[in-house]
file work37.cif (mmCIF, N, CA, C and O atoms)
data_my_file
#
loop_
_atom_site.label_atom_id
_atom_site.label_comp_id
_atom_site.auth_asym_id
_atom_site.auth_seq_id
_atom_site.Cartn_x
_atom_site.Cartn_y
_atom_site.Cartn_z
N MET A 1 -12.35 -10.25 16.32
CA MET A 1 -11.17 -9.75 17.00
C MET A 1 -11.53 -8.47 17.74
O MET A 1 -12.17 -7.59 17.20
N SER A 2 -11.14 -8.39 19.00
CA SER A 2 -11.40 -7.18 19.77
C SER A 2 -10.42 -6.08 19.35
O SER A 2 -9.43 -6.34 18.67
N PHE A 3 -10.72 -4.89 19.79
CA PHE A 3 -9.86 -3.76 19.43
C PHE A 3 -8.47 -3.97 20.01
O PHE A 3 -8.33 -4.31 21.19
N PRO A 4 -7.42 -3.79 19.20
CA PRO A 4 -6.05 -4.02 19.68
C PRO A 4 -5.65 -3.06 20.79
O PRO A 4 -6.01 -1.88 20.76
N ASP A 5 -4.91 -3.60 21.77
CA ASP A 5 -4.41 -2.72 22.83
C ASP A 5 -3.17 -1.97 22.30
O ASP A 5 -2.75 -2.15 21.16
N LYS A 6 -2.58 -1.15 23.15
CA LYS A 6 -1.48 -0.28 22.72
C LYS A 6 -0.31 -1.10 22.16
O LYS A 6 0.26 -0.76 21.11
N ALA A 7 0.07 -2.17 22.82
CA ALA A 7 1.19 -2.99 22.36
C ALA A 7 0.88 -3.63 21.00
O ALA A 7 1.75 -3.69 20.12
N GLU A 8 -0.35 -4.10 20.82
CA GLU A 8 -0.74 -4.71 19.55
C GLU A 8 -0.78 -3.67 18.42
O GLU A 8 -0.38 -3.96 17.29
N ARG A 9 -1.26 -2.47 18.73
CA ARG A 9 -1.28 -1.40 17.73
C ARG A 9 0.14 -1.03 17.32
O ARG A 9 0.44 -0.87 16.13
N THR A 10 1.02 -0.93 18.31
CA THR A 10 2.41 -0.58 18.03
C THR A 10 3.06 -1.64 17.15
O THR A 10 3.78 -1.31 16.19
N LYS A 11 2.80 -2.90 17.45
CA LYS A 11 3.35 -3.99 16.63
C LYS A 11 2.79 -3.93 15.21
O LYS A 11 3.52 -4.10 14.23
N CYS A 12 1.50 -3.67 15.08
CA CYS A 12 0.86 -3.56 13.77
C CYS A 12 1.53 -2.45 12.96
O CYS A 12 1.94 -2.66 11.82
N TRP A 13 1.66 -1.27 13.54
CA TRP A 13 2.24 -0.14 12.83
C TRP A 13 3.70 -0.41 12.46
O TRP A 13 4.16 -0.05 11.39
N SER A 14 4.41 -1.08 13.35
CA SER A 14 5.81 -1.40 13.10
C SER A 14 5.96 -2.37 11.92
O SER A 14 6.80 -2.17 11.03
N THR A 15 5.13 -3.43 11.90
CA THR A 15 5.22 -4.38 10.79
C THR A 15 4.75 -3.75 9.49
O THR A 15 5.32 -4.04 8.43
N ARG A 16 3.77 -2.86 9.57
CA ARG A 16 3.34 -2.13 8.36
C ARG A 16 4.48 -1.29 7.83
O ARG A 16 4.78 -1.31 6.64
N ASP A 17 5.16 -0.57 8.71
CA ASP A 17 6.26 0.30 8.29
C ASP A 17 7.41 -0.50 7.68
O ASP A 17 8.01 -0.09 6.68
N GLU A 18 7.71 -1.66 8.26
CA GLU A 18 8.77 -2.52 7.71
C GLU A 18 8.38 -3.02 6.32
O GLU A 18 9.21 -3.04 5.40
N TYR A 19 7.13 -3.43 6.17
CA TYR A 19 6.65 -3.90 4.87
C TYR A 19 6.70 -2.78 3.83
O TYR A 19 7.19 -2.97 2.72
N TRP A 20 6.20 -1.61 4.20
CA TRP A 20 6.21 -0.49 3.26
C TRP A 20 7.63 -0.09 2.88
O TRP A 20 7.90 0.26 1.74
N LYS A 21 8.56 -0.15 3.83
CA LYS A 21 9.96 0.17 3.52
C LYS A 21 10.51 -0.83 2.52
O LYS A 21 11.21 -0.45 1.57
N CYS A 22 10.19 -2.10 2.70
CA CYS A 22 10.62 -3.12 1.75
C CYS A 22 10.07 -2.82 0.36
O CYS A 22 10.81 -2.89 -0.63
N LEU A 23 8.80 -2.46 0.28
CA LEU A 23 8.21 -2.12 -1.02
C LEU A 23 8.89 -0.89 -1.61
O LEU A 23 9.23 -0.87 -2.79
N ASP A 24 9.12 0.12 -0.78
CA ASP A 24 9.77 1.34 -1.27
C ASP A 24 11.17 1.05 -1.81
O ASP A 24 11.59 1.62 -2.81
N ASP A 25 11.87 0.14 -1.13
CA ASP A 25 13.24 -0.19 -1.54
C ASP A 25 13.29 -1.11 -2.76
O ASP A 25 14.23 -1.05 -3.55
N ASN A 26 12.29 -1.99 -2.91
CA ASN A 26 12.35 -3.04 -3.93
C ASN A 26 11.33 -2.93 -5.05
O ASN A 26 11.55 -3.48 -6.12
N ALA A 27 10.23 -2.26 -4.79
CA ALA A 27 9.18 -2.12 -5.81
C ALA A 27 8.37 -0.86 -5.49
O ALA A 27 7.21 -0.94 -5.09
N PRO A 28 8.99 0.32 -5.67
CA PRO A 28 8.33 1.56 -5.23
C PRO A 28 6.97 1.85 -5.85
O PRO A 28 6.16 2.54 -5.26
N LYS A 29 6.69 1.28 -7.01
CA LYS A 29 5.40 1.53 -7.66
C LYS A 29 4.38 0.44 -7.38
O LYS A 29 3.28 0.47 -7.90
N HIS A 30 4.74 -0.52 -6.54
CA HIS A 30 3.82 -1.62 -6.23
C HIS A 30 2.55 -1.09 -5.57
O HIS A 30 2.60 -0.25 -4.68
N SER A 31 1.42 -1.59 -6.03
CA SER A 31 0.13 -1.22 -5.45
C SER A 31 -0.54 -2.46 -4.88
O SER A 31 -0.87 -3.38 -5.63
N SER A 32 -0.73 -2.47 -3.58
CA SER A 32 -1.35 -3.63 -2.93
C SER A 32 -2.83 -3.76 -3.26
O SER A 32 -3.41 -4.82 -3.08
N THR A 33 -3.43 -2.69 -3.77
CA THR A 33 -4.86 -2.74 -4.08
C THR A 33 -5.13 -3.18 -5.51
O THR A 33 -6.28 -3.36 -5.89
N SER A 34 -4.09 -3.35 -6.32
CA SER A 34 -4.30 -3.68 -7.74
C SER A 34 -4.24 -5.17 -8.02
O SER A 34 -4.46 -5.59 -9.15
N GLY A 35 -3.89 -5.95 -7.02
CA GLY A 35 -3.77 -7.38 -7.23
C GLY A 35 -2.40 -7.80 -7.75
O GLY A 35 -2.19 -8.95 -8.10
N GLU A 36 -1.47 -6.85 -7.80
CA GLU A 36 -0.11 -7.16 -8.24
C GLU A 36 0.52 -8.18 -7.30
O GLU A 36 0.23 -8.20 -6.11
N GLN A 37 1.43 -8.96 -7.85
CA GLN A 37 2.18 -9.90 -7.02
C GLN A 37 3.10 -9.13 -6.08
O GLN A 37 3.70 -8.14 -6.47
N ILE A 38 3.19 -9.61 -4.86
CA ILE A 38 4.09 -9.01 -3.89
C ILE A 38 5.51 -9.47 -4.23
O ILE A 38 5.72 -10.66 -4.48
N PRO A 39 6.47 -8.55 -4.26
CA PRO A 39 7.85 -8.97 -4.54
C PRO A 39 8.29 -10.05 -3.54
O PRO A 39 7.99 -9.96 -2.35
N ASN A 40 9.00 -11.05 -4.04
CA ASN A 40 9.42 -12.17 -3.18
C ASN A 40 10.14 -11.72 -1.93
O ASN A 40 9.94 -12.27 -0.86
N VAL A 41 10.98 -10.72 -2.07
CA VAL A 41 11.78 -10.25 -0.94
C VAL A 41 10.90 -9.65 0.18
O VAL A 41 11.31 -9.60 1.33
N CYS A 42 9.67 -9.26 -0.15
CA CYS A 42 8.77 -8.63 0.82
C CYS A 42 7.67 -9.56 1.34
O CYS A 42 6.88 -9.16 2.20
N LYS A 43 7.58 -10.78 0.82
CA LYS A 43 6.47 -11.66 1.17
C LYS A 43 6.40 -11.98 2.66
O LYS A 43 5.32 -12.01 3.24
N GLN A 44 7.54 -12.23 3.31
CA GLN A 44 7.54 -12.54 4.74
C GLN A 44 7.07 -11.33 5.56
O GLN A 44 6.35 -11.48 6.54
N LEU A 45 7.48 -10.15 5.13
CA LEU A 45 7.06 -8.93 5.83
C LEU A 45 5.56 -8.70 5.65
O LEU A 45 4.88 -8.25 6.57
N ARG A 46 5.05 -9.00 4.46
CA ARG A 46 3.61 -8.88 4.23
C ARG A 46 2.84 -9.84 5.14
O ARG A 46 1.83 -9.46 5.74
N LYS A 47 3.35 -11.05 5.25
CA LYS A 47 2.71 -12.04 6.10
C LYS A 47 2.70 -11.57 7.56
O LYS A 47 1.68 -11.67 8.25
N ALA A 48 3.82 -11.03 8.02
CA ALA A 48 3.90 -10.51 9.39
C ALA A 48 2.93 -9.35 9.59
O ALA A 48 2.26 -9.24 10.62
N PHE A 49 2.84 -8.48 8.59
CA PHE A 49 1.91 -7.35 8.62
C PHE A 49 0.47 -7.84 8.75
O PHE A 49 -0.29 -7.38 9.61
N GLU A 50 0.10 -8.83 7.93
CA GLU A 50 -1.26 -9.36 7.97
C GLU A 50 -1.56 -10.07 9.29
O GLU A 50 -2.69 -10.05 9.77
N GLN A 51 -0.56 -10.71 9.88
CA GLN A 51 -0.77 -11.42 11.14
C GLN A 51 -0.80 -10.48 12.34
O GLN A 51 -1.40 -10.80 13.36
N SER A 52 -0.16 -9.33 12.21
CA SER A 52 -0.07 -8.39 13.33
C SER A 52 -1.22 -7.39 13.39
O SER A 52 -1.41 -6.75 14.43
N CYS A 53 -1.94 -7.25 12.30
CA CYS A 53 -2.98 -6.22 12.23
C CYS A 53 -4.35 -6.84 11.93
O CYS A 53 -4.43 -7.84 11.21
N PRO A 54 -5.41 -6.23 12.44
CA PRO A 54 -6.76 -6.67 12.05
C PRO A 54 -6.92 -6.53 10.53
O PRO A 54 -6.36 -5.62 9.91
N SER A 55 -7.67 -7.43 9.93
CA SER A 55 -7.80 -7.44 8.47
C SER A 55 -8.34 -6.12 7.92
O SER A 55 -7.92 -5.67 6.85
N GLN A 56 -9.25 -5.49 8.66
CA GLN A 56 -9.78 -4.19 8.20
C GLN A 56 -8.69 -3.13 8.19
O GLN A 56 -8.68 -2.24 7.35
N TRP A 57 -7.76 -3.22 9.12
CA TRP A 57 -6.64 -2.28 9.16
C TRP A 57 -5.72 -2.51 7.98
O TRP A 57 -5.22 -1.57 7.37
N VAL A 58 -5.46 -3.78 7.66
CA VAL A 58 -4.60 -4.11 6.53
C VAL A 58 -5.21 -3.52 5.26
O VAL A 58 -4.52 -2.86 4.46
N LYS A 59 -6.49 -3.72 5.08
CA LYS A 59 -7.19 -3.19 3.91
C LYS A 59 -7.09 -1.65 3.88
O LYS A 59 -6.80 -1.05 2.83
N HIS A 60 -7.29 -1.02 5.03
CA HIS A 60 -7.20 0.44 5.12
C HIS A 60 -5.79 0.92 4.77
O HIS A 60 -5.62 1.86 3.99
N PHE A 61 -4.77 0.28 5.35
CA PHE A 61 -3.39 0.70 5.09
C PHE A 61 -3.01 0.48 3.63
O PHE A 61 -2.27 1.28 3.05
N ASP A 62 -3.48 -0.60 3.02
CA ASP A 62 -3.21 -0.83 1.60
C ASP A 62 -3.81 0.30 0.76
O ASP A 62 -3.15 0.83 -0.14
N ARG A 63 -5.03 0.65 1.07
CA ARG A 63 -5.68 1.75 0.33
C ARG A 63 -4.97 3.07 0.57
O ARG A 63 -4.81 3.88 -0.35
N LYS A 64 -4.55 3.30 1.81
CA LYS A 64 -3.85 4.53 2.16
C LYS A 64 -2.56 4.66 1.36
O LYS A 64 -2.26 5.72 0.81
N ARG A 65 -1.79 3.57 1.27
CA ARG A 65 -0.53 3.62 0.52
C ARG A 65 -0.80 3.90 -0.96
O ARG A 65 -0.11 4.72 -1.58
N THR A 66 -1.80 3.25 -1.53
CA THR A 66 -2.14 3.48 -2.93
C THR A 66 -2.55 4.93 -3.15
O THR A 66 -2.14 5.56 -4.13
N TYR A 67 -3.34 5.48 -2.22
CA TYR A 67 -3.77 6.87 -2.34
C TYR A 67 -2.57 7.83 -2.23
O TYR A 67 -2.48 8.80 -2.98
N GLU A 68 -1.66 7.54 -1.30
CA GLU A 68 -0.47 8.39 -1.15
C GLU A 68 0.37 8.35 -2.43
O GLU A 68 0.91 9.39 -2.85
N GLN A 69 0.49 7.19 -3.05
CA GLN A 69 1.21 7.08 -4.32
C GLN A 69 0.52 7.92 -5.41
O GLN A 69 1.19 8.61 -6.19
N PHE A 70 -0.80 7.86 -5.45
CA PHE A 70 -1.56 8.64 -6.42
C PHE A 70 -1.34 10.13 -6.20
O PHE A 70 -1.12 10.88 -7.16
N LYS A 71 -1.37 10.57 -4.94
CA LYS A 71 -1.15 11.99 -4.65
C LYS A 71 0.24 12.43 -5.10
O LYS A 71 0.40 13.54 -5.64
N GLU A 72 1.24 11.59 -4.91
CA GLU A 72 2.60 11.92 -5.35
C GLU A 72 2.65 12.05 -6.87
O GLU A 72 3.30 12.97 -7.40
N LYS A 73 1.99 11.14 -7.59
CA LYS A 73 1.95 11.22 -9.04
C LYS A 73 1.26 12.51 -9.49
O LYS A 73 1.73 13.18 -10.42
N MET A 74 0.17 12.86 -8.84
CA MET A 74 -0.55 14.09 -9.20
C MET A 74 0.32 15.31 -8.96
O MET A 74 0.33 16.24 -9.77
N ALA A 75 1.05 15.32 -7.85
CA ALA A 75 1.91 16.46 -7.53
C ALA A 75 3.05 16.62 -8.54
O ALA A 75 3.54 17.73 -8.75
N SER A 76 3.43 15.53 -9.19
CA SER A 76 4.52 15.60 -10.17
C SER A 76 4.01 15.83 -11.59
O SER A 76 4.76 15.72 -12.54
N GLY A 77 2.71 16.10 -11.73
CA GLY A 77 2.17 16.46 -13.04
C GLY A 77 1.39 15.38 -13.74
O GLY A 77 1.01 15.55 -14.90
N TYR A 78 1.14 14.28 -13.08
CA TYR A 78 0.36 13.19 -13.69
C TYR A 78 -1.06 13.64 -13.97
O TYR A 78 -1.70 14.27 -13.13
N ASP A 79 -1.54 13.35 -15.15
CA ASP A 79 -2.91 13.68 -15.53
C ASP A 79 -3.64 12.39 -15.92
O ASP A 79 -3.41 11.84 -17.00
N PRO A 80 -4.50 11.87 -15.03
CA PRO A 80 -5.16 10.60 -15.32
C PRO A 80 -6.05 10.65 -16.56
O PRO A 80 -6.18 9.65 -17.27
N LEU A 81 -6.63 11.79 -16.87
CA LEU A 81 -7.48 11.89 -18.07
C LEU A 81 -6.63 11.81 -19.33
O LEU A 81 -7.02 11.16 -20.30
N LEU A 82 -5.48 12.45 -19.32
CA LEU A 82 -4.57 12.37 -20.46
C LEU A 82 -4.08 10.93 -20.64
O LEU A 82 -4.02 10.42 -21.75
N GLU A 83 -3.77 10.26 -19.54
CA GLU A 83 -3.33 8.87 -19.57
C GLU A 83 -4.42 7.97 -20.16
O GLU A 83 -4.14 7.09 -20.96
N ARG A 84 -5.65 8.21 -19.77
CA ARG A 84 -6.77 7.41 -20.28
C ARG A 84 -6.98 7.64 -21.78
O ARG A 84 -7.21 6.71 -22.53
N THR A 85 -6.85 8.90 -22.20
CA THR A 85 -7.00 9.23 -23.60
C THR A 85 -5.92 8.53 -24.43
O THR A 85 -6.20 7.98 -25.50
N LYS A 86 -4.70 8.53 -23.92
CA LYS A 86 -3.59 7.85 -24.63
C LYS A 86 -3.90 6.35 -24.74
O LYS A 86 -3.67 5.75 -25.79
N ALA A 87 -4.38 5.76 -23.67
CA ALA A 87 -4.68 4.32 -23.68
C ALA A 87 -5.78 3.99 -24.69
O ALA A 87 -5.73 2.97 -25.37
N GLU A 88 -6.79 4.86 -24.77
CA GLU A 88 -7.89 4.63 -25.70
C GLU A 88 -7.43 4.75 -27.15
O GLU A 88 -7.99 4.14 -28.04
N ARG A 89 -6.40 5.56 -27.39
CA ARG A 89 -5.88 5.74 -28.73
C ARG A 89 -4.77 4.75 -29.07
O ARG A 89 -4.14 4.84 -30.11
N GLY A 90 -4.53 3.85 -28.16
CA GLY A 90 -3.49 2.84 -28.41
C GLY A 90 -2.09 3.35 -28.11
O GLY A 90 -1.13 2.92 -28.73
N GLY A 91 -1.96 4.30 -27.17
CA GLY A 91 -0.66 4.80 -26.76
C GLY A 91 -0.12 5.91 -27.60
O GLY A 91 1.03 6.31 -27.48
N LYS A 92 -0.90 6.44 -28.51
CA LYS A 92 -0.42 7.51 -29.41
C LYS A 92 -0.48 8.87 -28.74
O LYS A 92 -1.26 9.19 -27.94
#
call {"tool": "encode", "arguments": {"input": "work37.cif", "output": "structure tokens"}}
result
Amino acid sequence: MSFPDKAERTKCWSTRDEYWKCLDDNAPKHSSTSGEQIPNVCKQLRKAFEQSCPSQWVKHFDRKRTYEQFKEKMASGYDPLLERTKAERGGK
């Protein structure tokens, strides 16, 4: 696939934004990089997103959303090391 022109980029970003809004409204903690099932209500938007954007862009945007979610968790006091320690102890 050649590099998208301005109209194609705009369409890609628009479908990405619609998909992300659907996730935010219906499954705010959904992570596209974890292999989680896409909520049924968002599946058509995901399909449109994948069809409108180059696959490398889809992969990049999925990672970007996951990273933004991680940053938000960190800003609210999330400690991944503490979480890991709890998991190793069986949730204690």
call {"tool": "residues_near_point", "arguments": {"input": "work37.cif", "point": "(3.1, -8.4, 7.2)", "cutoff": "6 Å", "atoms": "all atoms listed in the file", "output": "ChimeraX atom specification"}}
result
/A:15,43-51
call {"tool": "select_by_dssp", "arguments": {"input": "work37.cif", "residues": "chain A", "states": "helix (DSSP H, G or I)", "output": "ChimeraX atom specification"}}
result
/A:6-26,40-52,55-75,80-88
call {"tool": "closest_residue", "arguments": {"input": "work37.cif", "among": "A:Leu81, A:Met74, A:Ala87, A:Cys53", "to": "Arg9 in chain A", "atoms": "all atoms listed in the file"}}
result
A:Cys53
call {"tool": "atom_distance", "arguments": {"input": "work37.cif", "atom1": "atom N of Lys59 in chain A", "atom2": "atom N of Ala75 in chain A"}}
result
24.2 Å
call {"tool": "resolve_selection", "arguments": {"input": "work37.cif", "expression": "the PyMOL selection byres ((chain A and resi 26-32) around 8)", "output": "list in words"}}
result
Tyr19, Trp20, Lys21, Cys22, Leu23, Asp24, Asp25, Thr33, Ser34, Gly35, Glu36, Gln37, Ile38, Pro39, Val41, Cys42, Val58, Lys59, Phe61, Asp62, Arg63, Arg65, Thr66 and Gln69 of chain A
call {"tool": "write_last_selection", "arguments": {"input": "work37.cif", "atoms": "N, CA, C and O atoms", "output": "short mmCIF file (atom, residue, chain, number, x, y, z; two decimals), in the frame of the given file"}}
result
data_model
loop_
_atom_site.label_atom_id
_atom_site.label_comp_id
_atom_site.auth_asym_id
_atom_site.auth_seq_id
_atom_site.Cartn_x
_atom_site.Cartn_y
_atom_site.Cartn_z
N TYR A 19 7.13 -3.43 6.17
CA TYR A 19 6.65 -3.90 4.87
C TYR A 19 6.70 -2.78 3.83
O TYR A 19 7.19 -2.97 2.72
N TRP A 20 6.20 -1.61 4.20
CA TRP A 20 6.21 -0.49 3.26
C TRP A 20 7.63 -0.09 2.88
O TRP A 20 7.90 0.26 1.74
N LYS A 21 8.56 -0.15 3.83
CA LYS A 21 9.96 0.17 3.52
C LYS A 21 10.51 -0.83 2.52
O LYS A 21 11.21 -0.45 1.57
N CYS A 22 10.19 -2.10 2.70
CA CYS A 22 10.62 -3.12 1.75
C CYS A 22 10.07 -2.82 0.36
O CYS A 22 10.81 -2.89 -0.63
N LEU A 23 8.80 -2.46 0.28
CA LEU A 23 8.21 -2.12 -1.02
C LEU A 23 8.89 -0.89 -1.61
O LEU A 23 9.23 -0.87 -2.79
N ASP A 24 9.12 0.12 -0.78
CA ASP A 24 9.77 1.34 -1.27
C ASP A 24 11.17 1.05 -1.81
O ASP A 24 11.59 1.62 -2.81
N ASP A 25 11.87 0.14 -1.13
CA ASP A 25 13.24 -0.19 -1.54
C ASP A 25 13.29 -1.11 -2.76
O ASP A 25 14.23 -1.05 -3.55
N THR A 33 -3.43 -2.69 -3.77
CA THR A 33 -4.86 -2.74 -4.08
C THR A 33 -5.13 -3.18 -5.51
O THR A 33 -6.28 -3.36 -5.89
N SER A 34 -4.09 -3.35 -6.32
CA SER A 34 -4.30 -3.68 -7.74
C SER A 34 -4.24 -5.17 -8.02
O SER A 34 -4.46 -5.59 -9.15
N GLY A 35 -3.89 -5.95 -7.02
CA GLY A 35 -3.77 -7.38 -7.23
C GLY A 35 -2.40 -7.80 -7.75
O GLY A 35 -2.19 -8.95 -8.10
N GLU A 36 -1.47 -6.85 -7.80
CA GLU A 36 -0.11 -7.16 -8.24
C GLU A 36 0.52 -8.18 -7.30
O GLU A 36 0.23 -8.20 -6.11
N GLN A 37 1.43 -8.96 -7.85
CA GLN A 37 2.18 -9.90 -7.02
C GLN A 37 3.10 -9.13 -6.08
O GLN A 37 3.70 -8.14 -6.47
N ILE A 38 3.19 -9.61 -4.86
CA ILE A 38 4.09 -9.01 -3.89
C ILE A 38 5.51 -9.47 -4.23
O ILE A 38 5.72 -10.66 -4.48
N PRO A 39 6.47 -8.55 -4.26
CA PRO A 39 7.85 -8.97 -4.54
C PRO A 39 8.29 -10.05 -3.54
O PRO A 39 7.99 -9.96 -2.35
N VAL A 41 10.98 -10.72 -2.07
CA VAL A 41 11.78 -10.25 -0.94
C VAL A 41 10.90 -9.65 0.18
O VAL A 41 11.31 -9.60 1.33
N CYS A 42 9.67 -9.26 -0.15
CA CYS A 42 8.77 -8.63 0.82
C CYS A 42 7.67 -9.56 1.34
O CYS A 42 6.88 -9.16 2.20
N VAL A 58 -5.46 -3.78 7.66
CA VAL A 58 -4.60 -4.11 6.53
C VAL A 58 -5.21 -3.52 5.26
O VAL A 58 -4.52 -2.86 4.46
N LYS A 59 -6.49 -3.72 5.08
CA LYS A 59 -7.19 -3.19 3.91
C LYS A 59 -7.09 -1.65 3.88
O LYS A 59 -6.80 -1.05 2.83
N PHE A 61 -4.77 0.28 5.35
CA PHE A 61 -3.39 0.70 5.09
C PHE A 61 -3.01 0.48 3.63
O PHE A 61 -2.27 1.28 3.05
N ASP A 62 -3.48 -0.60 3.02
CA ASP A 62 -3.21 -0.83 1.60
C ASP A 62 -3.81 0.30 0.76
O ASP A 62 -3.15 0.83 -0.14
N ARG A 63 -5.03 0.65 1.07
CA ARG A 63 -5.68 1.75 0.33
C ARG A 63 -4.97 3.07 0.57
O ARG A 63 -4.81 3.88 -0.35
N ARG A 65 -1.79 3.57 1.27
CA ARG A 65 -0.53 3.62 0.52
C ARG A 65 -0.80 3.90 -0.96
O ARG A 65 -0.11 4.72 -1.58
N THR A 66 -1.80 3.25 -1.53
CA THR A 66 -2.14 3.48 -2.93
C THR A 66 -2.55 4.93 -3.15
O THR A 66 -2.14 5.56 -4.13
N GLN A 69 0.49 7.19 -3.05
CA GLN A 69 1.21 7.08 -4.32
C GLN A 69 0.52 7.92 -5.41
O GLN A 69 1.19 8.61 -6.19
#
call {"tool": "atom_distance", "arguments": {"input": "work37.cif", "atom1": "CA of Asn40 in chain A", "atom2": "CA of Asp17 in chain A"}}
result
17.2 Å
call {"tool": "atom_distance", "arguments": {"input": "work37.cif", "atom1": "atom O of Asp5 in chain A", "atom2": "atom N of Trp57 in chain A"}}
result
13.1 Å
call {"tool": "closest_residue", "arguments": {"input": "work37.cif", "among": "A:Lys86, A:Asp79, A:Lys64, A:Ser55", "to": "Pro4 in chain A", "atoms": "only C-alpha atoms"}}
result
A:Ser55
call {"tool": "decode", "arguments": {"input": "work37.cif", "residues": "range 64-70 of chain A", "atoms": "all heavy atoms", "output": "mmCIF file, in the first residue's frame"}}
result
data_model
loop_
_atom_site.group_PDB
_atom_site.id
_atom_site.type_symbol
_atom_site.label_atom_id
_atom_site.label_comp_id
_atom_site.auth_asym_id
_atom_site.auth_seq_id
_atom_site.Cartn_x
_atom_site.Cartn_y
_atom_site.Cartn_z
ATOM 1 N N LYS A 64 -0.614 2.868 20.889
ATOM 2 C CA LYS A 64 -0.713 4.217 21.440
ATOM 3 C C LYS A 64 -1.837 4.292 22.470
ATOM 4 O O LYS A 64 -1.662 4.848 23.550
ATOM 5 C CB LYS A 64 -0.942 5.232 20.325
ATOM 6 C CG LYS A 64 -1.101 6.668 20.796
ATOM 7 C CD LYS A 64 -1.249 7.599 19.615
ATOM 8 C CE LYS A 64 -1.565 9.020 20.000
ATOM 9 N NZ LYS A 64 -0.736 9.606 21.020
ATOM 10 N N ARG A 65 -2.999 3.718 22.141
ATOM 11 C CA ARG A 65 -4.127 3.756 23.080
ATOM 12 C C ARG A 65 -3.776 2.993 24.358
ATOM 13 O O ARG A 65 -4.061 3.466 25.468
ATOM 14 C CB ARG A 65 -5.382 3.161 22.444
ATOM 15 C CG ARG A 65 -6.602 3.285 23.339
ATOM 16 C CD ARG A 65 -7.877 2.884 22.591
ATOM 17 N NE ARG A 65 -9.047 3.228 23.360
ATOM 18 C CZ ARG A 65 -9.551 2.481 24.340
ATOM 19 N NH1 ARG A 65 -8.996 1.324 24.641
ATOM 20 N NH2 ARG A 65 -10.621 2.872 25.007
ATOM 21 N N THR A 66 -3.159 1.832 24.223
ATOM 22 C CA THR A 66 -2.768 1.051 25.398
ATOM 23 C C THR A 66 -1.780 1.835 26.259
ATOM 24 O O THR A 66 -1.893 1.865 27.488
ATOM 25 C CB THR A 66 -2.164 -0.296 24.970
ATOM 26 O OG1 THR A 66 -3.161 -1.028 24.243
ATOM 27 C CG2 THR A 66 -1.703 -1.115 26.160
ATOM 28 N N TYR A 67 -0.825 2.509 25.611
ATOM 29 C CA TYR A 67 0.154 3.300 26.354
ATOM 30 C C TYR A 67 -0.515 4.481 27.061
ATOM 31 O O TYR A 67 -0.202 4.774 28.218
ATOM 32 C CB TYR A 67 1.264 3.790 25.426
ATOM 33 C CG TYR A 67 2.287 4.639 26.125
ATOM 34 C CD1 TYR A 67 3.112 4.103 27.106
ATOM 35 C CD2 TYR A 67 2.424 5.988 25.819
ATOM 36 C CE1 TYR A 67 4.043 4.876 27.769
ATOM 37 C CE2 TYR A 67 3.357 6.773 26.474
ATOM 38 C CZ TYR A 67 4.155 6.221 27.443
ATOM 39 O OH TYR A 67 5.074 6.994 28.104
ATOM 40 N N GLU A 68 -1.451 5.139 26.382
ATOM 41 C CA GLU A 68 -2.167 6.262 27.004
ATOM 42 C C GLU A 68 -2.956 5.779 28.221
ATOM 43 O O GLU A 68 -3.006 6.468 29.249
ATOM 44 C CB GLU A 68 -3.093 6.938 25.990
ATOM 45 C CG GLU A 68 -2.372 7.669 24.873
ATOM 46 C CD GLU A 68 -1.488 8.808 25.358
ATOM 47 O OE1 GLU A 68 -1.860 9.486 26.346
ATOM 48 O OE2 GLU A 68 -0.424 9.027 24.758
ATOM 49 N N GLN A 69 -3.568 4.602 28.129
ATOM 50 C CA GLN A 69 -4.282 4.035 29.274
ATOM 51 C C GLN A 69 -3.314 3.764 30.432
ATOM 52 O O GLN A 69 -3.635 4.038 31.593
ATOM 53 C CB GLN A 69 -4.981 2.731 28.877
ATOM 54 C CG GLN A 69 -6.158 2.921 27.955
ATOM 55 C CD GLN A 69 -6.694 1.596 27.440
ATOM 56 O OE1 GLN A 69 -5.935 0.693 27.112
ATOM 57 N NE2 GLN A 69 -7.996 1.490 27.358
ATOM 58 N N PHE A 70 -2.145 3.233 30.114
ATOM 59 C CA PHE A 70 -1.142 2.954 31.134
ATOM 60 C C PHE A 70 -0.701 4.250 31.809
ATOM 61 O O PHE A 70 -0.584 4.310 33.040
ATOM 62 C CB PHE A 70 0.056 2.233 30.515
ATOM 63 C CG PHE A 70 1.154 1.938 31.492
ATOM 64 C CD1 PHE A 70 1.020 0.924 32.431
ATOM 65 C CD2 PHE A 70 2.326 2.680 31.474
ATOM 66 C CE1 PHE A 70 2.031 0.650 33.341
ATOM 67 C CE2 PHE A 70 3.343 2.410 32.384
ATOM 68 C CZ PHE A 70 3.199 1.403 33.312
#
